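Scroll down for the structure; my scribbles are underneath it.
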Amino acid sequence: MKLLKLLLIIALLCSTNTLCAQKYVGGDISVLKSYEDNNVEYYDEQGAKIDDVLKYMKSDTVGWNAQRVRLFVNPNQKAPDGKKDAQVCQDIDYVIALCKRIKEEGFALMLDFHYSDTWADPSNQWTPAAWTTLSNEELLQKIYDYTKECLEKLVEAGATPDFIQTGNEISYGMLWGKYNSKTYICYSNSSESNWTRFKNLLTQATKACREVCPEAKIIIHSERSGDGNALKDYFTRLASIDYDIIGLSYYPFWHKSLSTLASNLKMLANDFSDKKVQIVETAYYYQWQPEKGKGIDYDFQSTWPISPEGQAAYTKALIEELNKHSNVNGLYWWFPEENGNGPDSKVLTGWVNRGLWDNNTHKALPALYELKNFNNASSGINNLRSDTEEPTCWYTLCGRKLSKKPVAKGIYVANKRKIIVD
């Protein structure tokens, strides 16, 4: 009977894709250092103080294994609209300090190049102020030099990225020029020269990444997760670009229902079968969602109420859907560390209310603990065997270290082998 049980487990492991491929779950924690520098306190769901948020995120309780950090060229540059956003503070020194800690804690690291002094997104892809006088040819050299220099500094500091985004939400191109200039925007019907310019910029960024971080996976990031036709057109146009992963932003209040997302993930699996997909940004409100038309496009409150419980229900539903798609191997919550500390906050100018800590109580929200259910992947360690030896360190199949030998029956990892505990 025991031999039959062992054979059944082996068959299950060999036939289940989700147990044979590494998966990554975490968040874009780019503001965490600012919160810590301003002594903002974090508490778990029960109200116990968290002394080290990164360690807590890596613990069995939360179960994350990856983090994402954005990088601006010169965030100290005055914003084009004259306003200063406290979240735009991630210069290279800030990023090195945070990313070094992330790597020391054992997380996989995603570096998100914005190639701008401020937010880069579908409506804002403004060339850094110091680069605006460069010709297109000079800009090609600049993006290569800048990318290479930043990556070399990270590698030297012991913070080598595992994933690199060459641009943030670049569905319409990037480095458009000075503020409000859209000469180089890339619509589906834009001039072919704009697309050529954009692809040349991506090629130069990729070249630097491959030279400095040859093991890193390169991500091209689009927010068009709710529009399958646009996604297909976009990635078809970029077929000549050297990259590894399709990165998507998915927020239901902007990008439609989970069924729409599911349909588009299937399309990507069929038409771009050589590319993995990662949801590099997602979030849902737990309080004070704006009105439809005044900040959101779709209102899903009837499906997921705007409450901590509703946020957790959204997270559970998203994970259940993503786990149906073998081409999806990454999930990152955007700004999970949000933890507003009142009207005099030096970290935020306004609350977003989509993070995983309550801005009022500083306590963790239920969705924080739901996310680990996405990461049910094997670490790639082979050779399943019975528990006949006594290892010193034990891990779950998704790579989380246990404090002692597990009591519950199941399959674990120790001594670089899968072990059955029964």
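Here's how to read the names in the structure tokens: chain A, B, ... by the order shown, residue numbers from 1 in each chain, ligand numbers from 1 in the order shown.
Those residues in segment 163-319 of chain A carrying a DSSP assignment of strand (DSSP E), computed from the backbone, are A:Phe163, A:Ile164, A:Gln165, A:Thr166, A:Lys217, A:Ile218, A:Ile219, A:Ile220, A:His221, A:Ser222, A:Ile245, A:Ile246, A:Gly247, A:Leu248, A:Ser249, A:Tyr250, A:Lys276, A:Val277, A:Gln278, A:Ile279, A:Val280, A:Glu281, A:Thr282.
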Write the residues you've just listed into a file as a short mmCIF file (atom, residue, chain, number, x, y, z; two decimals), in the first residue's frame, and include C-alpha atoms for each of them.
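Output file part-v9.cif is given in full below:
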data_model
loop_
_atom_site.label_atom_id
_atom_site.label_comp_id
_atom_site.auth_asym_id
_atom_site.auth_seq_id
_atom_site.Cartn_x
_atom_site.Cartn_y
_atom_site.Cartn_z
CA PHE A 163 13.84 40.03 -13.73
CA ILE A 164 14.22 43.35 -15.56
CA GLN A 165 11.41 45.44 -16.99
CA THR A 166 12.71 47.57 -19.86
CA LYS A 217 14.70 37.40 -17.55
CA ILE A 218 13.62 40.47 -19.53
CA ILE A 219 10.01 41.64 -19.29
CA ILE A 220 8.05 43.82 -21.69
CA HIS A 221 5.18 45.40 -19.77
CA SER A 222 1.74 46.33 -21.11
CA ILE A 245 8.28 37.40 -20.33
CA ILE A 246 5.07 39.28 -21.10
CA GLY A 247 4.29 41.50 -18.11
CA LEU A 248 0.71 42.67 -17.57
CA SER A 249 -1.02 45.12 -15.29
CA TYR A 250 -4.48 43.91 -14.29
CA LYS A 276 5.72 33.18 -19.88
CA VAL A 277 3.27 35.75 -18.50
CA GLN A 278 3.50 37.58 -15.18
CA ILE A 279 0.89 39.85 -13.63
CA VAL A 280 3.41 42.45 -12.51
CA GLU A 281 0.73 44.77 -11.07
CA THR A 282 -2.66 44.14 -9.51
#
**Message:** Using DSSP secondary structure from the backbone, list all alpha helix (DSSP H) positions within segment 51-120 of chain A, as an MDAnalysis selection string.
**Reply:** chainID A and resid 53:58 92:104
**Asked** Using only C-alpha atoms, which residues sit within 12 Å of Gly106 of chain A once same-chain residues fewer than 4 positions away are excluded, as a PyMOL selection string?
**Response** chain A and resi 54-55+57-59+63-67+99-102+158-162+399-401
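Put simply, atom CA of Asn39 of chain A is 13.3 Å away from atom CA of Glu337 of chain A.
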**Prompt:** Any idea what the distance is between atom CA of Tyr298 of chain A and atom CA of Lys256 of chain A?
**Reply:** 6.6 Å
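Among the candidates A:Lys83, A:Arg354, A:Lys153, A:Lys372, the one nearest to Gln287 of chain A when counting only C-alpha atoms is A:Arg354.
Interatomic distance, atom CA of Phe335 of chain A against atom CA of Ile92 of chain A: 19.0 Å.
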**Request:** Do a neighbour search on Leu356 of chain A at 6 Å with only C-alpha atoms, toss out local chain neighbours closer than 4 positions, and write the hits as an MDAnalysis selection string.
**Result:** chainID A and resid 336 364:365 368
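Closest approach to Asn327 of chain A from the set A:Lys199, A:Lys275, A:Arg224, A:Lys292 is made by A:Lys275, with distances taken over only C-alpha atoms.
Comparing A:Leu32, A:Ile296, A:Leu402, A:Ala130 by their smallest distance to Pro75 of chain A, the closest is A:Ala130 (using only C-alpha atoms).
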Residues near Ile143 of chain A, cut-off 12 Å, only C-alpha atoms, skip fewer than 6 positions along chain, as a PDB file with all heavy atoms, in the first residue's frame:
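Saved to part-v1.pdb:
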ATOM      1  N   VAL A  73      14.916  57.988 -13.321  1.00  0.00           N
ATOM      2  CA  VAL A  73      16.216  58.542 -13.701  1.00  0.00           C
ATOM      3  C   VAL A  73      16.635  59.623 -12.710  1.00  0.00           C
ATOM      4  O   VAL A  73      17.711  59.557 -12.121  1.00  0.00           O
ATOM      5  CB  VAL A  73      16.176  59.094 -15.138  1.00  0.00           C
ATOM      6  CG1 VAL A  73      17.504  59.779 -15.488  1.00  0.00           C
ATOM      7  CG2 VAL A  73      15.900  57.962 -16.128  1.00  0.00           C
ATOM      8  N   PHE A 113      12.544  49.534 -14.730  1.00  0.00           N
ATOM      9  CA  PHE A 113      13.048  50.792 -15.287  1.00  0.00           C
ATOM     10  C   PHE A 113      11.876  51.643 -15.792  1.00  0.00           C
ATOM     11  O   PHE A 113      11.127  51.220 -16.668  1.00  0.00           O
ATOM     12  CB  PHE A 113      13.985  50.515 -16.470  1.00  0.00           C
ATOM     13  CG  PHE A 113      15.389  50.162 -16.097  1.00  0.00           C
ATOM     14  CD1 PHE A 113      15.824  48.851 -16.143  1.00  0.00           C
ATOM     15  CD2 PHE A 113      16.297  51.146 -15.710  1.00  0.00           C
ATOM     16  CE1 PHE A 113      17.134  48.507 -15.817  1.00  0.00           C
ATOM     17  CE2 PHE A 113      17.612  50.826 -15.389  1.00  0.00           C
ATOM     18  CZ  PHE A 113      18.035  49.501 -15.434  1.00  0.00           C
ATOM     19  N   HIS A 114      11.753  52.859 -15.267  1.00  0.00           N
ATOM     20  CA  HIS A 114      10.730  53.777 -15.767  1.00  0.00           C
ATOM     21  C   HIS A 114      11.243  54.642 -16.913  1.00  0.00           C
ATOM     22  O   HIS A 114      10.443  55.201 -17.662  1.00  0.00           O
ATOM     23  CB  HIS A 114      10.197  54.666 -14.638  1.00  0.00           C
ATOM     24  CG  HIS A 114       9.048  54.042 -13.890  1.00  0.00           C
ATOM     25  ND1 HIS A 114       7.811  54.625 -13.796  1.00  0.00           N
ATOM     26  CD2 HIS A 114       8.953  52.880 -13.211  1.00  0.00           C
ATOM     27  CE1 HIS A 114       6.994  53.864 -13.099  1.00  0.00           C
ATOM     28  NE2 HIS A 114       7.677  52.787 -12.726  1.00  0.00           N
ATOM     29  N   TYR A 115      12.531  54.807 -17.046  1.00  0.00           N
ATOM     30  CA  TYR A 115      13.122  55.646 -18.100  1.00  0.00           C
ATOM     31  C   TYR A 115      12.445  57.024 -18.148  1.00  0.00           C
ATOM     32  O   TYR A 115      12.119  57.542 -19.220  1.00  0.00           O
ATOM     33  CB  TYR A 115      13.044  54.961 -19.459  1.00  0.00           C
ATOM     34  CG  TYR A 115      13.871  53.701 -19.549  1.00  0.00           C
ATOM     35  CD1 TYR A 115      13.305  52.489 -19.920  1.00  0.00           C
ATOM     36  CD2 TYR A 115      15.244  53.713 -19.247  1.00  0.00           C
ATOM     37  CE1 TYR A 115      14.068  51.323 -20.003  1.00  0.00           C
ATOM     38  CE2 TYR A 115      16.010  52.557 -19.326  1.00  0.00           C
ATOM     39  CZ  TYR A 115      15.417  51.363 -19.696  1.00  0.00           C
ATOM     40  OH  TYR A 115      16.170  50.213 -19.773  1.00  0.00           O
ATOM     41  N   SER A 116      12.252  57.577 -16.969  1.00  0.00           N
ATOM     42  CA  SER A 116      11.619  58.888 -16.823  1.00  0.00           C
ATOM     43  C   SER A 116      12.000  59.436 -15.454  1.00  0.00           C
ATOM     44  O   SER A 116      12.463  58.681 -14.587  1.00  0.00           O
ATOM     45  CB  SER A 116      10.101  58.764 -16.949  1.00  0.00           C
ATOM     46  OG  SER A 116       9.474  60.027 -16.831  1.00  0.00           O
ATOM     47  N   THR A 127      10.408  61.908 -21.573  1.00  0.00           N
ATOM     48  CA  THR A 127      11.853  61.739 -21.555  1.00  0.00           C
ATOM     49  C   THR A 127      12.443  62.475 -20.357  1.00  0.00           C
ATOM     50  O   THR A 127      12.015  63.594 -20.049  1.00  0.00           O
ATOM     51  CB  THR A 127      12.465  62.294 -22.855  1.00  0.00           C
ATOM     52  OG1 THR A 127      11.870  61.618 -23.965  1.00  0.00           O
ATOM     53  CG2 THR A 127      13.968  62.119 -22.891  1.00  0.00           C
ATOM     54  N   PRO A 128      13.400  61.878 -19.634  1.00  0.00           N
ATOM     55  CA  PRO A 128      14.038  62.583 -18.520  1.00  0.00           C
ATOM     56  C   PRO A 128      14.555  63.957 -18.955  1.00  0.00           C
ATOM     57  O   PRO A 128      15.034  64.122 -20.084  1.00  0.00           O
ATOM     58  CB  PRO A 128      15.190  61.653 -18.132  1.00  0.00           C
ATOM     59  CG  PRO A 128      14.745  60.302 -18.575  1.00  0.00           C
ATOM     60  CD  PRO A 128      13.939  60.520 -19.821  1.00  0.00           C
ATOM     61  N   TRP A 131      17.782  64.388 -20.719  1.00  0.00           N
ATOM     62  CA  TRP A 131      17.937  63.705 -22.004  1.00  0.00           C
ATOM     63  C   TRP A 131      17.178  64.394 -23.151  1.00  0.00           C
ATOM     64  O   TRP A 131      17.278  63.963 -24.296  1.00  0.00           O
ATOM     65  CB  TRP A 131      17.428  62.271 -21.923  1.00  0.00           C
ATOM     66  CG  TRP A 131      18.096  61.390 -20.908  1.00  0.00           C
ATOM     67  CD1 TRP A 131      19.049  61.724 -19.986  1.00  0.00           C
ATOM     68  CD2 TRP A 131      17.835  60.001 -20.706  1.00  0.00           C
ATOM     69  NE1 TRP A 131      19.397  60.652 -19.216  1.00  0.00           N
ATOM     70  CE2 TRP A 131      18.661  59.567 -19.640  1.00  0.00           C
ATOM     71  CE3 TRP A 131      16.983  59.073 -21.309  1.00  0.00           C
ATOM     72  CZ2 TRP A 131      18.655  58.253 -19.170  1.00  0.00           C
ATOM     73  CZ3 TRP A 131      16.976  57.772 -20.852  1.00  0.00           C
ATOM     74  CH2 TRP A 131      17.808  57.362 -19.793  1.00  0.00           C
ATOM     75  N   LEU A 134      18.800  65.448 -26.531  1.00  0.00           N
ATOM     76  CA  LEU A 134      19.494  64.440 -27.323  1.00  0.00           C
ATOM     77  C   LEU A 134      18.735  64.135 -28.606  1.00  0.00           C
ATOM     78  O   LEU A 134      17.500  64.103 -28.634  1.00  0.00           O
ATOM     79  CB  LEU A 134      19.668  63.153 -26.518  1.00  0.00           C
ATOM     80  CG  LEU A 134      20.455  63.260 -25.204  1.00  0.00           C
ATOM     81  CD1 LEU A 134      20.496  61.894 -24.519  1.00  0.00           C
ATOM     82  CD2 LEU A 134      21.867  63.774 -25.445  1.00  0.00           C
ATOM     83  N   ASN A 136      17.676  61.426 -31.661  1.00  0.00           N
ATOM     84  CA  ASN A 136      17.253  60.032 -31.567  1.00  0.00           C
ATOM     85  C   ASN A 136      18.444  59.078 -31.544  1.00  0.00           C
ATOM     86  O   ASN A 136      18.446  58.079 -30.813  1.00  0.00           O
ATOM     87  CB  ASN A 136      16.318  59.683 -32.722  1.00  0.00           C
ATOM     88  CG  ASN A 136      14.911  60.208 -32.503  1.00  0.00           C
ATOM     89  OD1 ASN A 136      14.485  60.383 -31.363  1.00  0.00           O
ATOM     90  ND2 ASN A 136      14.197  60.464 -33.587  1.00  0.00           N
ATOM     91  N   GLU A 137      19.463  59.366 -32.328  1.00  0.00           N
ATOM     92  CA  GLU A 137      20.657  58.529 -32.322  1.00  0.00           C
ATOM     93  C   GLU A 137      21.377  58.606 -30.976  1.00  0.00           C
ATOM     94  O   GLU A 137      21.835  57.582 -30.435  1.00  0.00           O
ATOM     95  CB  GLU A 137      21.605  58.956 -33.448  1.00  0.00           C
ATOM     96  CG  GLU A 137      21.145  58.552 -34.834  1.00  0.00           C
ATOM     97  CD  GLU A 137      20.964  57.039 -34.960  1.00  0.00           C
ATOM     98  OE1 GLU A 137      21.868  56.297 -34.523  1.00  0.00           O
ATOM     99  OE2 GLU A 137      19.921  56.604 -35.481  1.00  0.00           O
ATOM    100  N   GLU A 149      24.881  51.138 -16.769  1.00  0.00           N
ATOM    101  CA  GLU A 149      25.471  51.723 -15.560  1.00  0.00           C
ATOM    102  C   GLU A 149      24.668  51.368 -14.315  1.00  0.00           C
ATOM    103  O   GLU A 149      25.237  50.992 -13.284  1.00  0.00           O
ATOM    104  CB  GLU A 149      25.544  53.244 -15.711  1.00  0.00           C
ATOM    105  CG  GLU A 149      26.125  53.950 -14.495  1.00  0.00           C
ATOM    106  CD  GLU A 149      26.113  55.455 -14.631  1.00  0.00           C
ATOM    107  OE1 GLU A 149      25.735  55.960 -15.716  1.00  0.00           O
ATOM    108  OE2 GLU A 149      26.462  56.145 -13.656  1.00  0.00           O
ATOM    109  N   CYS A 150      23.340  51.467 -14.391  1.00  0.00           N
ATOM    110  CA  CYS A 150      22.502  51.135 -13.234  1.00  0.00           C
ATOM    111  C   CYS A 150      22.647  49.669 -12.855  1.00  0.00           C
ATOM    112  O   CYS A 150      22.776  49.324 -11.662  1.00  0.00           O
ATOM    113  CB  CYS A 150      21.042  51.458 -13.537  1.00  0.00           C
ATOM    114  SG  CYS A 150      20.672  53.211 -13.657  1.00  0.00           S
ATOM    115  N   THR A 166      12.138  46.498 -19.057  1.00  0.00           N
ATOM    116  CA  THR A 166      12.712  47.573 -19.863  1.00  0.00           C
ATOM    117  C   THR A 166      11.592  48.540 -20.249  1.00  0.00           C
ATOM    118  O   THR A 166      11.167  48.616 -21.396  1.00  0.00           O
ATOM    119  CB  THR A 166      13.404  47.009 -21.111  1.00  0.00           C
ATOM    120  OG1 THR A 166      12.508  46.102 -21.768  1.00  0.00           O
ATOM    121  CG2 THR A 166      14.678  46.271 -20.737  1.00  0.00           C
ATOM    122  N   GLY A 167      11.133  49.269 -19.240  1.00  0.00           N
ATOM    123  CA  GLY A 167      10.042  50.214 -19.427  1.00  0.00           C
ATOM    124  C   GLY A 167       8.813  49.805 -18.643  1.00  0.00           C
ATOM    125  O   GLY A 167       8.591  48.619 -18.378  1.00  0.00           O
ATOM    126  N   MET A 174       7.771  54.730 -25.541  1.00  0.00           N
ATOM    127  CA  MET A 174       8.373  55.396 -24.388  1.00  0.00           C
ATOM    128  C   MET A 174       9.313  56.496 -24.867  1.00  0.00           C
ATOM    129  O   MET A 174       9.565  56.626 -26.079  1.00  0.00           O
ATOM    130  CB  MET A 174       9.132  54.389 -23.519  1.00  0.00           C
ATOM    131  CG  MET A 174      10.279  53.672 -24.204  1.00  0.00           C
ATOM    132  SD  MET A 174      10.984  52.405 -23.117  1.00  0.00           S
ATOM    133  CE  MET A 174      12.311  51.773 -24.119  1.00  0.00           C
ATOM    134  N   LEU A 175       9.779  57.311 -23.932  1.00  0.00           N
ATOM    135  CA  LEU A 175      10.687  58.420 -24.237  1.00  0.00           C
ATOM    136  C   LEU A 175      10.098  59.286 -25.354  1.00  0.00           C
ATOM    137  O   LEU A 175      10.714  59.526 -26.386  1.00  0.00           O
ATOM    138  CB  LEU A 175      12.074  57.886 -24.612  1.00  0.00           C
ATOM    139  CG  LEU A 175      12.825  57.158 -23.492  1.00  0.00           C
ATOM    140  CD1 LEU A 175      14.047  56.436 -24.037  1.00  0.00           C
ATOM    141  CD2 LEU A 175      13.226  58.128 -22.386  1.00  0.00           C
ATOM    142  N   PHE A 198      10.837  53.088 -31.376  1.00  0.00           N
ATOM    143  CA  PHE A 198      10.545  52.415 -30.116  1.00  0.00           C
ATOM    144  C   PHE A 198      11.276  51.081 -30.026  1.00  0.00           C
ATOM    145  O   PHE A 198      11.921  50.764 -29.017  1.00  0.00           O
ATOM    146  CB  PHE A 198       9.021  52.223 -30.005  1.00  0.00           C
ATOM    147  CG  PHE A 198       8.561  51.417 -28.825  1.00  0.00           C
ATOM    148  CD1 PHE A 198       9.143  51.547 -27.564  1.00  0.00           C
ATOM    149  CD2 PHE A 198       7.512  50.523 -28.968  1.00  0.00           C
ATOM    150  CE1 PHE A 198       8.684  50.804 -26.482  1.00  0.00           C
ATOM    151  CE2 PHE A 198       7.048  49.778 -27.901  1.00  0.00           C
ATOM    152  CZ  PHE A 198       7.646  49.911 -26.653  1.00  0.00           C
ATOM    153  N   ASN A 200      13.925  50.150 -31.584  1.00  0.00           N
ATOM    154  CA  ASN A 200      15.375  50.387 -31.473  1.00  0.00           C
ATOM    155  C   ASN A 200      15.774  50.728 -30.042  1.00  0.00           C
ATOM    156  O   ASN A 200      16.825  50.288 -29.549  1.00  0.00           O
ATOM    157  CB  ASN A 200      15.795  51.509 -32.419  1.00  0.00           C
ATOM    158  CG  ASN A 200      15.782  51.088 -33.878  1.00  0.00           C
ATOM    159  OD1 ASN A 200      15.807  49.894 -34.182  1.00  0.00           O
ATOM    160  ND2 ASN A 200      15.737  52.044 -34.784  1.00  0.00           N
ATOM    161  N   LEU A 201      14.925  51.499 -29.356  1.00  0.00           N
ATOM    162  CA  LEU A 201      15.194  51.822 -27.952  1.00  0.00           C
ATOM    163  C   LEU A 201      15.159  50.561 -27.093  1.00  0.00           C
ATOM    164  O   LEU A 201      16.038  50.335 -26.244  1.00  0.00           O
ATOM    165  CB  LEU A 201      14.170  52.836 -27.446  1.00  0.00           C
ATOM    166  CG  LEU A 201      14.304  54.263 -27.979  1.00  0.00           C
ATOM    167  CD1 LEU A 201      13.054  55.077 -27.643  1.00  0.00           C
ATOM    168  CD2 LEU A 201      15.543  54.949 -27.400  1.00  0.00           C
ATOM    169  N   LEU A 202      14.144  49.722 -27.307  1.00  0.00           N
ATOM    170  CA  LEU A 202      14.049  48.463 -26.564  1.00  0.00           C
ATOM    171  C   LEU A 202      15.255  47.561 -26.834  1.00  0.00           C
ATOM    172  O   LEU A 202      15.775  46.910 -25.914  1.00  0.00           O
ATOM    173  CB  LEU A 202      12.758  47.727 -26.938  1.00  0.00           C
ATOM    174  CG  LEU A 202      11.458  48.218 -26.313  1.00  0.00           C
ATOM    175  CD1 LEU A 202      10.284  47.423 -26.871  1.00  0.00           C
ATOM    176  CD2 LEU A 202      11.493  48.095 -24.793  1.00  0.00           C
ATOM    177  N   THR A 203      15.686  47.518 -28.067  1.00  0.00           N
ATOM    178  CA  THR A 203      16.837  46.687 -28.430  1.00  0.00           C
ATOM    179  C   THR A 203      18.088  47.133 -27.682  1.00  0.00           C
ATOM    180  O   THR A 203      18.865  46.297 -27.190  1.00  0.00           O
ATOM    181  CB  THR A 203      17.075  46.748 -29.946  1.00  0.00           C
ATOM    182  OG1 THR A 203      15.927  46.214 -30.613  1.00  0.00           O
ATOM    183  CG2 THR A 203      18.305  45.951 -30.345  1.00  0.00           C
ATOM    184  N   GLN A 204      18.281  48.430 -27.564  1.00  0.00           N
ATOM    185  CA  GLN A 204      19.439  48.950 -26.850  1.00  0.00           C
ATOM    186  C   GLN A 204      19.358  48.651 -25.350  1.00  0.00           C
ATOM    187  O   GLN A 204      20.363  48.294 -24.719  1.00  0.00           O
ATOM    188  CB  GLN A 204      19.558  50.456 -27.071  1.00  0.00           C
ATOM    189  CG  GLN A 204      20.051  50.849 -28.451  1.00  0.00           C
ATOM    190  CD  GLN A 204      21.506  50.468 -28.666  1.00  0.00           C
ATOM    191  OE1 GLN A 204      21.798  49.365 -29.134  1.00  0.00           O
ATOM    192  NE2 GLN A 204      22.417  51.368 -28.307  1.00  0.00           N
ATOM    193  N   ALA A 205      18.172  48.777 -24.782  1.00  0.00           N
ATOM    194  CA  ALA A 205      17.992  48.461 -23.363  1.00  0.00           C
ATOM    195  C   ALA A 205      18.251  46.979 -23.112  1.00  0.00           C
ATOM    196  O   ALA A 205      18.928  46.596 -22.144  1.00  0.00           O
ATOM    197  CB  ALA A 205      16.583  48.846 -22.919  1.00  0.00           C
ATOM    198  N   THR A 206      17.714  46.135 -24.001  1.00  0.00           N
ATOM    199  CA  THR A 206      17.924  44.695 -23.884  1.00  0.00           C
ATOM    200  C   THR A 206      19.401  44.335 -23.979  1.00  0.00           C
ATOM    201  O   THR A 206      19.906  43.491 -23.222  1.00  0.00           O
ATOM    202  CB  THR A 206      17.147  43.960 -24.985  1.00  0.00           C
ATOM    203  OG1 THR A 206      15.751  44.144 -24.777  1.00  0.00           O
ATOM    204  CG2 THR A 206      17.458  42.473 -24.965  1.00  0.00           C
ATOM    205  N   LYS A 207      20.093  44.974 -24.905  1.00  0.00           N
ATOM    206  CA  LYS A 207      21.524  44.701 -25.085  1.00  0.00           C
ATOM    207  C   LYS A 207      22.287  44.914 -23.784  1.00  0.00           C
ATOM    208  O   LYS A 207      23.113  44.081 -23.381  1.00  0.00           O
ATOM    209  CB  LYS A 207      22.077  45.609 -26.180  1.00  0.00           C
ATOM    210  CG  LYS A 207      23.567  45.437 -26.447  1.00  0.00           C
ATOM    211  CD  LYS A 207      24.036  46.407 -27.524  1.00  0.00           C
ATOM    212  CE  LYS A 207      25.551  46.314 -27.726  1.00  0.00           C
ATOM    213  NZ  LYS A 207      26.034  47.315 -28.721  1.00  0.00           N
ATOM    214  N   ALA A 208      21.999  46.013 -23.085  1.00  0.00           N
ATOM    215  CA  ALA A 208      22.668  46.291 -21.818  1.00  0.00           C
ATOM    216  C   ALA A 208      22.319  45.241 -20.768  1.00  0.00           C
ATOM    217  O   ALA A 208      23.177  44.783 -20.011  1.00  0.00           O
ATOM    218  CB  ALA A 208      22.297  47.686 -21.329  1.00  0.00           C
ATOM    219  N   CYS A 209      21.054  44.845 -20.732  1.00  0.00           N
ATOM    220  CA  CYS A 209      20.624  43.833 -19.759  1.00  0.00           C
ATOM    221  C   CYS A 209      21.336  42.507 -19.977  1.00  0.00           C
ATOM    222  O   CYS A 209      21.811  41.871 -19.028  1.00  0.00           O
ATOM    223  CB  CYS A 209      19.117  43.623 -19.851  1.00  0.00           C
ATOM    224  SG  CYS A 209      18.118  45.037 -19.375  1.00  0.00           S
TER     225      CYS A 209
END
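Among the candidates A:Asp52, A:Glu215, A:Glu138, A:Glu320, the one nearest to Tyr35 of chain A when counting only C-alpha atoms is A:Asp52.
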